[in-house]
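To be precise, the following lines are protein-v2.cif, and they hold mmCIF, C-alpha atoms.
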```cif
data_query
loop_
_atom_site.label_atom_id
_atom_site.label_comp_id
_atom_site.auth_asym_id
_atom_site.auth_seq_id
_atom_site.Cartn_x
_atom_site.Cartn_y
_atom_site.Cartn_z
CA MET A 1 -5.53 -21.37 -6.18
CA LYS A 2 -2.59 -19.08 -5.47
CA VAL A 3 -2.57 -17.64 -1.94
CA PHE A 4 -0.40 -15.49 0.29
CA GLN A 5 -0.20 -16.93 3.79
CA CYS A 6 -0.02 -14.30 6.50
CA GLY A 7 -0.14 -16.16 9.82
CA CYS A 8 -3.60 -17.71 10.14
CA THR A 9 -4.90 -15.62 7.24
CA ARG A 10 -4.65 -16.90 3.66
CA PHE A 11 -5.26 -14.18 1.08
CA ALA A 12 -6.46 -15.35 -2.35
CA LEU A 13 -4.35 -13.96 -5.18
CA GLU A 14 -6.72 -14.95 -7.99
CA GLY A 15 -10.26 -16.09 -8.69
CA ASP A 16 -13.69 -14.63 -8.02
CA GLY A 17 -13.65 -11.81 -5.52
CA TYR A 18 -9.91 -11.18 -5.83
CA ARG A 19 -8.77 -7.62 -5.26
CA PRO A 20 -5.45 -5.98 -4.38
CA LEU A 21 -4.74 -5.81 -0.64
CA VAL A 22 -4.31 -2.57 1.28
CA MET A 23 -1.59 -2.48 3.92
CA GLY A 24 -1.99 0.43 6.33
CA ILE A 25 1.17 2.07 7.68
CA LEU A 26 1.53 2.53 11.44
CA ASN A 27 4.76 4.39 12.24
CA ILE A 28 5.49 4.34 15.99
CA THR A 29 8.60 6.46 15.63
CA PRO A 30 9.43 10.07 16.47
CA ASP A 31 11.26 10.66 13.18
CA SER A 32 9.52 9.01 10.21
CA PHE A 33 9.69 11.22 7.12
CA SER A 34 5.95 11.71 6.70
CA ASP A 35 4.28 11.38 10.10
CA GLY A 36 7.08 11.13 12.65
CA GLY A 37 5.81 11.42 16.22
CA LYS A 38 2.14 11.54 15.27
CA TYR A 39 1.44 8.00 16.49
CA PHE A 40 4.38 7.61 18.87
CA SER A 41 2.30 7.19 22.03
CA LEU A 42 0.56 3.86 22.60
CA SER A 43 -2.90 5.43 22.75
CA SER A 44 -2.47 7.35 19.48
CA ALA A 45 -0.97 4.28 17.77
CA LEU A 46 -3.90 2.08 18.79
CA LYS A 47 -6.44 4.70 17.75
CA HIS A 48 -4.81 5.04 14.33
CA ALA A 49 -4.73 1.26 13.87
CA GLU A 50 -8.42 1.03 14.78
CA ASP A 51 -9.23 3.80 12.32
CA MET A 52 -7.34 2.08 9.52
CA ILE A 53 -9.11 -1.21 10.22
CA ALA A 54 -12.47 0.57 10.14
CA ASP A 55 -11.43 2.19 6.85
CA GLY A 56 -10.80 -1.19 5.23
CA ALA A 57 -7.12 -2.04 5.77
CA ASP A 58 -6.34 -5.71 5.14
CA ILE A 59 -2.99 -5.67 6.98
CA ILE A 60 -1.46 -3.28 9.53
CA ASP A 61 2.28 -2.69 9.06
CA ILE A 62 3.94 -1.56 12.30
CA GLY A 63 7.34 0.14 12.16
CA ALA A 64 9.36 1.16 15.21
CA GLU A 65 12.50 2.31 13.39
CA SER A 66 12.53 4.94 10.68
CA SER A 67 14.20 3.88 7.42
CA ARG A 68 13.98 7.27 5.75
CA PRO A 69 17.07 8.38 3.81
CA GLY A 70 19.78 9.50 6.24
CA SER A 71 18.22 7.81 9.28
CA GLU A 72 20.32 6.29 12.06
CA PRO A 73 19.74 2.75 13.38
CA VAL A 74 17.65 2.37 16.56
CA PRO A 75 19.09 0.26 19.41
CA LEU A 76 17.50 -3.18 19.77
CA GLN A 77 15.94 -2.63 23.18
CA GLN A 78 14.48 0.70 22.11
CA GLU A 79 12.80 -0.91 19.11
CA LEU A 80 11.42 -3.70 21.30
CA ASP A 81 10.13 -1.19 23.86
CA ARG A 82 8.27 0.64 21.11
CA VAL A 83 6.81 -2.27 19.15
CA MET A 84 5.95 -4.96 21.71
CA PRO A 85 3.17 -3.07 23.57
CA VAL A 86 1.49 -2.30 20.22
CA ILE A 87 1.59 -5.94 19.12
CA GLU A 88 0.20 -7.09 22.47
CA ALA A 89 -2.63 -4.58 22.25
CA LEU A 90 -3.53 -5.33 18.61
CA LYS A 91 -2.94 -9.09 18.32
CA ASP A 92 -6.68 -9.80 18.53
CA CYS A 93 -7.78 -6.94 16.28
CA GLY A 94 -8.94 -9.30 13.53
CA LYS A 95 -6.38 -8.19 10.93
CA PRO A 96 -2.89 -9.55 10.29
CA LEU A 97 -0.09 -7.55 11.92
CA SER A 98 3.05 -6.99 9.88
CA ILE A 99 6.23 -5.91 11.68
CA ASP A 100 8.65 -3.75 9.73
CA THR A 101 12.06 -4.83 11.07
CA TYR A 102 15.39 -6.28 9.96
CA LYS A 103 16.53 -7.34 13.45
CA PRO A 104 16.23 -11.11 14.08
CA GLU A 105 15.67 -10.55 17.81
CA VAL A 106 12.68 -8.31 17.09
CA MET A 107 11.34 -10.87 14.61
CA VAL A 108 11.48 -13.65 17.23
CA SER A 109 9.78 -11.55 19.92
CA ALA A 110 7.15 -10.19 17.52
CA ILE A 111 6.20 -13.62 16.21
CA ALA A 112 5.97 -15.00 19.74
CA ALA A 113 3.67 -12.11 20.66
CA GLY A 114 1.30 -12.74 17.76
CA ALA A 115 2.70 -11.00 14.66
CA ASP A 116 1.49 -12.45 11.35
CA MET A 117 4.06 -11.04 8.94
CA ILE A 118 7.65 -9.78 8.90
CA ASN A 119 8.54 -6.99 6.48
CA ASP A 120 12.36 -6.91 6.18
CA ILE A 121 13.97 -4.01 4.31
CA CYS A 122 17.20 -6.07 4.21
CA GLY A 123 15.49 -8.97 2.44
CA PHE A 124 16.27 -11.68 5.01
CA GLN A 125 19.92 -11.76 3.93
CA SER A 126 21.24 -12.81 7.33
CA GLU A 127 21.18 -16.41 8.51
CA ALA A 128 19.82 -15.19 11.84
CA SER A 129 16.79 -13.59 10.20
CA LEU A 130 15.98 -16.77 8.27
CA LYS A 131 16.29 -18.82 11.45
CA ALA A 132 14.02 -16.37 13.27
CA VAL A 133 11.12 -16.87 10.84
CA LEU A 134 11.66 -20.45 9.65
CA ASP A 135 9.37 -22.32 12.03
CA SER A 136 6.52 -19.78 11.99
CA SER A 137 3.56 -19.43 9.65
CA CYS A 138 4.00 -15.70 9.19
CA GLY A 139 4.12 -13.99 5.82
CA LEU A 140 7.52 -12.67 4.73
CA CYS A 141 8.17 -9.59 2.60
CA VAL A 142 11.56 -9.68 0.88
CA MET A 143 12.64 -6.15 -0.08
CA HIS A 144 15.51 -4.85 -2.20
CA MET A 145 17.66 -1.99 -0.94
CA GLN A 146 20.90 -0.66 -2.39
CA GLY A 147 23.13 0.32 0.52
CA GLU A 148 21.64 1.24 3.89
CA PRO A 149 19.13 3.93 4.95
CA LYS A 150 21.83 6.37 6.12
CA THR A 151 23.56 6.50 2.72
CA MET A 152 21.24 4.80 0.21
CA GLN A 153 20.22 8.00 -1.61
CA ASP A 154 23.72 9.51 -1.84
CA ASP A 155 24.39 8.18 -5.36
CA PRO A 156 22.26 5.17 -6.32
CA HIS A 157 23.41 3.57 -9.55
CA TYR A 158 22.41 0.54 -11.65
CA GLY A 159 23.33 -0.91 -15.00
CA ASN A 160 19.77 -2.21 -15.45
CA VAL A 161 17.64 -1.57 -12.39
CA THR A 162 14.86 -4.04 -13.27
CA VAL A 163 17.26 -6.90 -13.97
CA GLU A 164 19.40 -6.25 -10.89
CA VAL A 165 16.49 -5.89 -8.47
CA THR A 166 14.75 -8.95 -9.90
CA GLN A 167 17.96 -10.97 -9.67
CA PHE A 168 18.47 -10.05 -6.02
CA LEU A 169 14.89 -10.92 -5.12
CA SER A 170 15.08 -14.18 -7.06
CA GLU A 171 18.27 -15.24 -5.29
CA GLN A 172 16.87 -14.41 -1.86
CA VAL A 173 13.61 -16.26 -2.49
CA GLU A 174 15.53 -19.31 -3.74
CA ARG A 175 17.68 -19.22 -0.61
CA MET A 176 14.60 -19.00 1.59
CA GLU A 177 12.90 -21.89 -0.14
CA LYS A 178 16.03 -24.01 0.29
CA THR A 179 15.85 -23.48 4.06
CA GLY A 180 12.30 -24.88 4.04
CA ILE A 181 10.18 -21.73 3.88
CA ALA A 182 7.02 -22.31 1.85
CA LYS A 183 6.69 -20.13 -1.25
CA GLU A 184 3.13 -19.16 -0.36
CA ARG A 185 4.51 -17.31 2.69
CA ILE A 186 6.63 -14.98 0.54
CA CYS A 187 5.95 -11.69 -1.20
CA ILE A 188 8.48 -9.38 -2.86
CA ASP A 189 9.05 -5.63 -2.70
CA PRO A 190 11.23 -3.78 -5.28
CA GLY A 191 12.11 -1.26 -2.56
CA PHE A 192 10.86 1.97 -4.09
CA GLY A 193 12.92 4.86 -2.71
CA PHE A 194 15.50 2.58 -1.10
CA GLY A 195 18.64 3.39 -3.07
CA LYS A 196 16.79 4.41 -6.24
CA SER A 197 16.61 7.57 -8.33
CA LEU A 198 13.36 8.99 -9.67
CA GLU A 199 14.02 7.28 -13.00
CA ASP A 200 14.79 3.97 -11.24
CA ASN A 201 11.52 4.12 -9.32
CA ILE A 202 9.46 4.81 -12.45
CA ILE A 203 11.17 1.99 -14.38
CA LEU A 204 10.54 -0.47 -11.54
CA LEU A 205 6.92 0.64 -11.26
CA LYS A 206 6.40 -0.05 -14.96
CA HIS A 207 7.97 -3.50 -14.60
CA ILE A 208 6.10 -4.81 -11.55
CA ASP A 209 4.33 -7.32 -13.78
CA PHE A 210 7.70 -8.55 -15.09
CA MET A 211 8.95 -9.20 -11.54
CA GLN A 212 5.67 -10.83 -10.52
CA GLU A 213 5.70 -13.15 -13.51
CA LYS A 214 9.43 -13.93 -13.27
CA LEU A 215 9.24 -14.95 -9.60
CA ASP A 216 5.59 -16.06 -9.56
CA LEU A 217 5.08 -14.18 -6.28
CA PRO A 218 2.84 -11.32 -5.13
CA VAL A 219 4.47 -7.89 -5.33
CA LEU A 220 4.11 -5.39 -2.49
CA ALA A 221 4.44 -1.77 -3.62
CA GLY A 222 5.31 0.88 -1.06
CA LEU A 223 5.17 4.25 -2.79
CA SER A 224 2.96 6.28 -0.48
CA ARG A 225 4.22 9.82 0.21
CA LYS A 226 7.68 8.99 -1.09
CA SER A 227 10.05 11.24 -2.99
CA VAL A 228 8.89 9.85 -6.34
CA VAL A 229 5.47 11.41 -5.66
CA ALA A 230 7.07 14.61 -4.39
CA LYS A 231 9.26 14.98 -7.48
CA LEU A 232 6.46 14.22 -9.91
CA THR A 233 3.97 16.60 -8.27
CA GLY A 234 6.12 19.19 -6.50
CA ARG A 235 3.84 18.85 -3.48
CA PRO A 236 4.82 18.70 0.21
CA VAL A 237 3.98 15.58 2.23
CA GLU A 238 0.62 16.90 3.46
CA LYS A 239 -0.54 17.64 -0.09
CA ARG A 240 0.35 14.39 -1.85
CA LEU A 241 -3.00 12.58 -1.54
CA ALA A 242 -3.88 12.80 -5.24
CA GLY A 243 -0.39 11.70 -6.21
CA ASN A 244 -0.45 8.87 -3.67
CA LEU A 245 -3.75 7.53 -5.03
CA ALA A 246 -2.58 7.80 -8.63
CA ILE A 247 0.65 5.93 -7.97
CA ALA A 248 -1.13 3.23 -5.94
CA LEU A 249 -3.55 2.64 -8.82
CA SER A 250 -0.64 2.61 -11.27
CA ALA A 251 1.08 -0.03 -9.12
CA VAL A 252 -1.95 -2.34 -9.13
CA GLU A 253 -2.51 -1.71 -12.83
CA HIS A 254 1.04 -2.95 -13.39
CA GLY A 255 0.46 -6.04 -11.24
CA ALA A 256 1.00 -5.20 -7.57
CA ALA A 257 -1.00 -7.46 -5.23
CA ILE A 258 -0.44 -5.33 -2.11
CA VAL A 259 -0.15 -1.56 -1.76
CA ARG A 260 1.40 -0.14 1.41
CA VAL A 261 -0.25 3.23 2.11
CA HIS A 262 -0.83 5.99 4.63
CA GLU A 263 -4.32 7.02 3.45
CA VAL A 264 -6.27 3.79 3.82
CA ALA A 265 -9.86 4.99 3.36
CA GLU A 266 -9.09 6.94 0.20
CA THR A 267 -7.04 4.08 -1.28
CA VAL A 268 -9.78 1.54 -0.53
CA ASP A 269 -12.34 3.76 -2.27
CA ALA A 270 -10.07 4.34 -5.26
CA LEU A 271 -9.50 0.60 -5.64
CA LYS A 272 -13.23 -0.12 -5.45
CA VAL A 273 -13.87 2.25 -8.34
CA TRP A 274 -10.87 0.92 -10.28
CA MET A 275 -11.99 -2.70 -9.81
CA ALA A 276 -15.55 -1.92 -10.87
CA THR A 277 -14.58 0.00 -14.01
CA ARG A 278 -11.40 -1.66 -15.30
#
```
Here is the file; what I need is its structure written in the form of structure tokens.
Amino acid sequence: MKVFQCGCTRFALEGDGYRPLVMGILNITPDSFSDGGKYFSLSSALKHAEDMIADGADIIDIGAESSRPGSEPVPLQQELDRVMPVIEALKDCGKPLSIDTYKPEVMVSAIAAGADMINDICGFQSEASLKAVLDSSCGLCVMHMQGEPKTMQDDPHYGNVTVEVTQFLSEQVERMEKTGIAKERICIDPGFGFGKSLEDNIILLKHIDFMQEKLDLPVLAGLSRKSVVAKLTGRPVEKRLAGNLAIALSAVEHGAAIVRVHEVAETVDALKVWMATR
């Protein structure tokens, strides 16, 4: 049976009882595009994590550095100061903790503190990042990004976005496997909104199944509250719930195994109905 290993947790990717996984977003930053500052204090972050777990989240994804378009990098120590207390407080919460970081030093500290997954927007391209995760059992999300957060949306351009993104992900996964990382620890993320136009995002969404089949790996889709939803609906961040649910269901319909979302309870309910009626 195909599984995705996330620390001590092994999620089934097929068979009786299979369903797409819901990853709840916990931004502990003052400047994230959709909820910056809302969960910046330790107490508010822990309360939000507890609420998402109660609402049915399978994984909690903790981010201490905003990667919104135009964002500036956060110094290493500042990121550590933000994320480590949250990991320490939640490591026994009963759900896998994913850490959204591209810094090898943060990866090492997070894994030592009890993190179960590393979600790298740079796709583990550096040797240091591969070394940081090699000897752990944590899950690894390999994401595609054209450029860097500060400039990625200035003028994204592709000859064939599906082919180019798939090729990048394939090369990175092959490189990881050659270092000794087990395939069952890896999932892939097309990087919706990370150096992509509206058309690019829609094309990639429609070809999730192609990427999943080509690489034989679970696909993580992070579309919640992003510009693709804004442009399709014309709604501000606080009024994108319907759009967020529709695009999450579209992602799983096209083959996504994990959806990364802000509204956990609503997404869990939508998936229950979708699973029962598909």
For the structure provided, state which residues fall under the PyMOL selection byres ((chain A and resi 76) around 12), and present them as a CSV table (one decimal) with C-alpha atoms, keeping the file's coordinate frame.
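So the final result, stored in out-v1.csv, reads:
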```
chain,number,residue,atom,x,y,z
A,64,ALA,CA,9.4,1.2,15.2
A,65,GLU,CA,12.5,2.3,13.4
A,73,PRO,CA,19.7,2.8,13.4
A,74,VAL,CA,17.6,2.4,16.6
A,75,PRO,CA,19.1,0.3,19.4
A,77,GLN,CA,15.9,-2.6,23.2
A,78,GLN,CA,14.5,0.7,22.1
A,79,GLU,CA,12.8,-0.9,19.1
A,80,LEU,CA,11.4,-3.7,21.3
A,81,ASP,CA,10.1,-1.2,23.9
A,82,ARG,CA,8.3,0.6,21.1
A,83,VAL,CA,6.8,-2.3,19.2
A,84,MET,CA,6.0,-5.0,21.7
A,101,THR,CA,12.1,-4.8,11.1
A,102,TYR,CA,15.4,-6.3,10.0
A,103,LYS,CA,16.5,-7.3,13.4
A,104,PRO,CA,16.2,-11.1,14.1
A,105,GLU,CA,15.7,-10.6,17.8
A,106,VAL,CA,12.7,-8.3,17.1
A,107,MET,CA,11.3,-10.9,14.6
A,109,SER,CA,9.8,-11.6,19.9
```
Of the candidates A:Lys239, A:Arg175, A:Arg185, A:His157, which one gets nearest to Gln5 of chain A if we count all atoms listed in the file? A:Arg185
Need the shell around Pro218 of chain A: protein/DNA/RNA residues with any atom at most 8 Å away, counting only C-alpha atoms. Skip same-chain ones fewer than 5 positions apart. Format as a PyMOL selection string? chain A and resi 4+13+186-188+212+256-258
The selected residues should be written to file as a PDB file, keeping the file's coordinate frame (atoms: C-alpha atoms).
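Result file follows (out07.pdb):
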```pdb
ATOM      1  CA  PHE A   4      -0.400 -15.490   0.290  1.00  0.00           C
ATOM      2  CA  LEU A  13      -4.350 -13.960  -5.180  1.00  0.00           C
ATOM      3  CA  ILE A 186       6.630 -14.980   0.540  1.00  0.00           C
ATOM      4  CA  CYS A 187       5.950 -11.690  -1.200  1.00  0.00           C
ATOM      5  CA  ILE A 188       8.480  -9.380  -2.860  1.00  0.00           C
ATOM      6  CA  GLN A 212       5.670 -10.830 -10.520  1.00  0.00           C
ATOM      7  CA  ALA A 256       1.000  -5.200  -7.570  1.00  0.00           C
ATOM      8  CA  ALA A 257      -1.000  -7.460  -5.230  1.00  0.00           C
ATOM      9  CA  ILE A 258      -0.440  -5.330  -2.110  1.00  0.00           C
TER      10      ILE A 258
END
```
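A straight line drawn from atom CA of Ser136 of chain A to atom CA of Thr166 of chain A is 25.8 Å long.
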Residues near Glu184 of chain A, anyone? I mean within 9 Å using all atoms listed in the file, not counting same-chain ones fewer than 6 positions away, as a list in words.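 Skipping anything fewer than 6 positions along the chain leaves Lys2, Val3, Phe4, Gln5, Cys6, Gly139 and Leu217 of chain A.
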Would you be able to write out as a list in words which residues have an atom within 10 Å of (9.8, -21.5, 3.7) in the file's coordinates, counting only C-alpha atoms?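 Those within range, by chain then number, are Leu130, Val133, Leu134, Asp135, Ser136, Ser137, Cys138, Gly139, Leu140, Val173, Glu174, Arg175, Met176, Glu177, Lys178, Thr179, Gly180, Ile181, Ala182, Lys183, Glu184, Arg185 and Ile186 of chain A.
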Can you translate the PyMOL selection byres ((chain A and resi 125) around 12) into the concrete residues it hits in this file, as a PyMOL selection string? chain A and resi 102-104+120-124+126-132+142-145+168-169+171-176
Save the residues we just selected, C-alpha atoms, as a PDB file, keeping the file's coordinate frame?
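Writing done, so here's again.pdb:
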```
ATOM      1  CA  TYR A 102      15.390  -6.280   9.960  1.00  0.00           C
ATOM      2  CA  LYS A 103      16.530  -7.340  13.450  1.00  0.00           C
ATOM      3  CA  PRO A 104      16.230 -11.110  14.080  1.00  0.00           C
ATOM      4  CA  ASP A 120      12.360  -6.910   6.180  1.00  0.00           C
ATOM      5  CA  ILE A 121      13.970  -4.010   4.310  1.00  0.00           C
ATOM      6  CA  CYS A 122      17.200  -6.070   4.210  1.00  0.00           C
ATOM      7  CA  GLY A 123      15.490  -8.970   2.440  1.00  0.00           C
ATOM      8  CA  PHE A 124      16.270 -11.680   5.010  1.00  0.00           C
ATOM      9  CA  SER A 126      21.240 -12.810   7.330  1.00  0.00           C
ATOM     10  CA  GLU A 127      21.180 -16.410   8.510  1.00  0.00           C
ATOM     11  CA  ALA A 128      19.820 -15.190  11.840  1.00  0.00           C
ATOM     12  CA  SER A 129      16.790 -13.590  10.200  1.00  0.00           C
ATOM     13  CA  LEU A 130      15.980 -16.770   8.270  1.00  0.00           C
ATOM     14  CA  LYS A 131      16.290 -18.820  11.450  1.00  0.00           C
ATOM     15  CA  ALA A 132      14.020 -16.370  13.270  1.00  0.00           C
ATOM     16  CA  VAL A 142      11.560  -9.680   0.880  1.00  0.00           C
ATOM     17  CA  MET A 143      12.640  -6.150  -0.080  1.00  0.00           C
ATOM     18  CA  HIS A 144      15.510  -4.850  -2.200  1.00  0.00           C
ATOM     19  CA  MET A 145      17.660  -1.990  -0.940  1.00  0.00           C
ATOM     20  CA  PHE A 168      18.470 -10.050  -6.020  1.00  0.00           C
ATOM     21  CA  LEU A 169      14.890 -10.920  -5.120  1.00  0.00           C
ATOM     22  CA  GLU A 171      18.270 -15.240  -5.290  1.00  0.00           C
ATOM     23  CA  GLN A 172      16.870 -14.410  -1.860  1.00  0.00           C
ATOM     24  CA  VAL A 173      13.610 -16.260  -2.490  1.00  0.00           C
ATOM     25  CA  GLU A 174      15.530 -19.310  -3.740  1.00  0.00           C
ATOM     26  CA  ARG A 175      17.680 -19.220  -0.610  1.00  0.00           C
ATOM     27  CA  MET A 176      14.600 -19.000   1.590  1.00  0.00           C
TER      28      MET A 176
END
```
Please provide as JSON, numbers by chain all residues within 10 Å of segment 40-57 of chain A, with the sequence filter that same-chain residues fewer than 5 positions apart are discarded (counting all atoms listed in the file). {"A": [21, 22, 23, 24, 25, 26, 27, 28, 29, 30, 31, 35, 62, 64, 82, 83, 85, 86, 87, 89, 90, 93, 94, 95, 96, 260, 261, 262, 263, 264, 265, 266, 267, 268, 269]}
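Of note, atom CA of Asp16 of chain A and atom CA of Asp189 of chain A are spaced 25.0 Å apart.
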Of the candidates A:Ile60, A:Val165, A:Cys8, A:Ala248, which one gets nearest to Gly191 of chain A if we count all atoms listed in the file? A:Val165
Quick one: pull the distance between atom CA of Asp209 of chain A and atom CA of Val229 of chain A, Å, one decimal.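 Those two atoms sit 20.4 Å apart.
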Closest of A:Glu199, A:Val259, A:Glu213, A:Lys231 to Asp61 of chain A - atom-to-atom distances counting only C-alpha atoms: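 Under the stated criterion, the closest residue is A:Val259.
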Box in all listed atoms of segment 61-68 of chain A, axis-aligned, with 4 Å more on each side; write out centre and edge lengths in Å to one decimal as JSON.
```
{"center_x": 8.2, "center_y": 2.3, "center_z": 10.5, "size_x": 19.9, "size_y": 18.0, "size_z": 17.5}
```
Protein/DNA/RNA residues near (-4.3, 6.4, -8.7), cut 12 Å, only C-alpha atoms, as number ranges by chain: A: 223-224, 229, 240-254, 259, 261, 266-275
If the PyMOL selection byres ((chain A and resi 114) around 9) were run on this exact file, what residues would it hold? Put them as a list of chain:residue names.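 Checked against the file, the PyMOL selection byres ((chain A and resi 114) around 9) matches A:Gly7, A:Ile87, A:Glu88, A:Leu90, A:Lys91, A:Asp92, A:Leu97, A:Ser109, A:Ala110, A:Ile111, A:Ala112, A:Ala113, A:Ala115, A:Asp116.
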Taking all atoms listed in the file into account, which of A:Gly222, A:Gly63, A:Pro190, A:Pro69 comes nearest Thr162 of chain A? A:Pro190
Rank A:Ala221, A:Ile59, A:Leu215, A:Ile203 by their smallest atom-to-atom distance to Ser170 of chain A, using only C-alpha atoms, and report the top residue only.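 So, comparing all the options, the nearest one is A:Leu215.
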Please reconstruct the missing atoms of segment 245-256 of chain A (target: N, CA, C and O atoms) and return them as a short mmCIF file (atom, residue, chain, number, x, y, z; two decimals), keeping the file's coordinate frame.
```cif
data_model
loop_
_atom_site.label_atom_id
_atom_site.label_comp_id
_atom_site.auth_asym_id
_atom_site.auth_seq_id
_atom_site.Cartn_x
_atom_site.Cartn_y
_atom_site.Cartn_z
N LEU A 245 -2.69 8.38 -4.47
CA LEU A 245 -3.75 7.53 -5.03
C LEU A 245 -3.42 7.14 -6.47
O LEU A 245 -3.61 5.99 -6.87
N ALA A 246 -2.91 8.09 -7.23
CA ALA A 246 -2.58 7.80 -8.63
C ALA A 246 -1.47 6.75 -8.72
O ALA A 246 -1.54 5.82 -9.53
N ILE A 247 -0.47 6.87 -7.87
CA ILE A 247 0.65 5.93 -7.97
C ILE A 247 0.27 4.56 -7.42
O ILE A 247 0.76 3.53 -7.88
N ALA A 248 -0.64 4.52 -6.44
CA ALA A 248 -1.13 3.23 -5.94
C ALA A 248 -1.92 2.51 -7.03
O ALA A 248 -1.75 1.30 -7.25
N LEU A 249 -2.78 3.24 -7.73
CA LEU A 249 -3.55 2.64 -8.82
C LEU A 249 -2.64 2.21 -9.97
O LEU A 249 -2.86 1.17 -10.60
N SER A 250 -1.60 2.99 -10.24
CA SER A 250 -0.64 2.61 -11.27
C SER A 250 0.06 1.32 -10.88
O SER A 250 0.27 0.44 -11.72
N ALA A 251 0.40 1.19 -9.59
CA ALA A 251 1.08 -0.03 -9.12
C ALA A 251 0.21 -1.27 -9.32
O ALA A 251 0.68 -2.30 -9.80
N VAL A 252 -1.08 -1.17 -8.97
CA VAL A 252 -1.95 -2.34 -9.13
C VAL A 252 -2.25 -2.59 -10.61
O VAL A 252 -2.40 -3.74 -11.03
N GLU A 253 -2.32 -1.54 -11.39
CA GLU A 253 -2.51 -1.71 -12.83
C GLU A 253 -1.34 -2.48 -13.45
O GLU A 253 -1.51 -3.28 -14.37
N HIS A 254 -0.15 -2.26 -12.89
CA HIS A 254 1.04 -2.95 -13.39
C HIS A 254 1.27 -4.29 -12.70
O HIS A 254 2.29 -4.94 -12.98
N GLY A 255 0.36 -4.69 -11.79
CA GLY A 255 0.46 -6.04 -11.24
C GLY A 255 0.69 -6.18 -9.75
O GLY A 255 0.81 -7.31 -9.26
N ALA A 256 0.78 -5.09 -9.01
CA ALA A 256 1.00 -5.20 -7.57
C ALA A 256 -0.21 -5.86 -6.88
O ALA A 256 -1.36 -5.53 -7.19
#
```
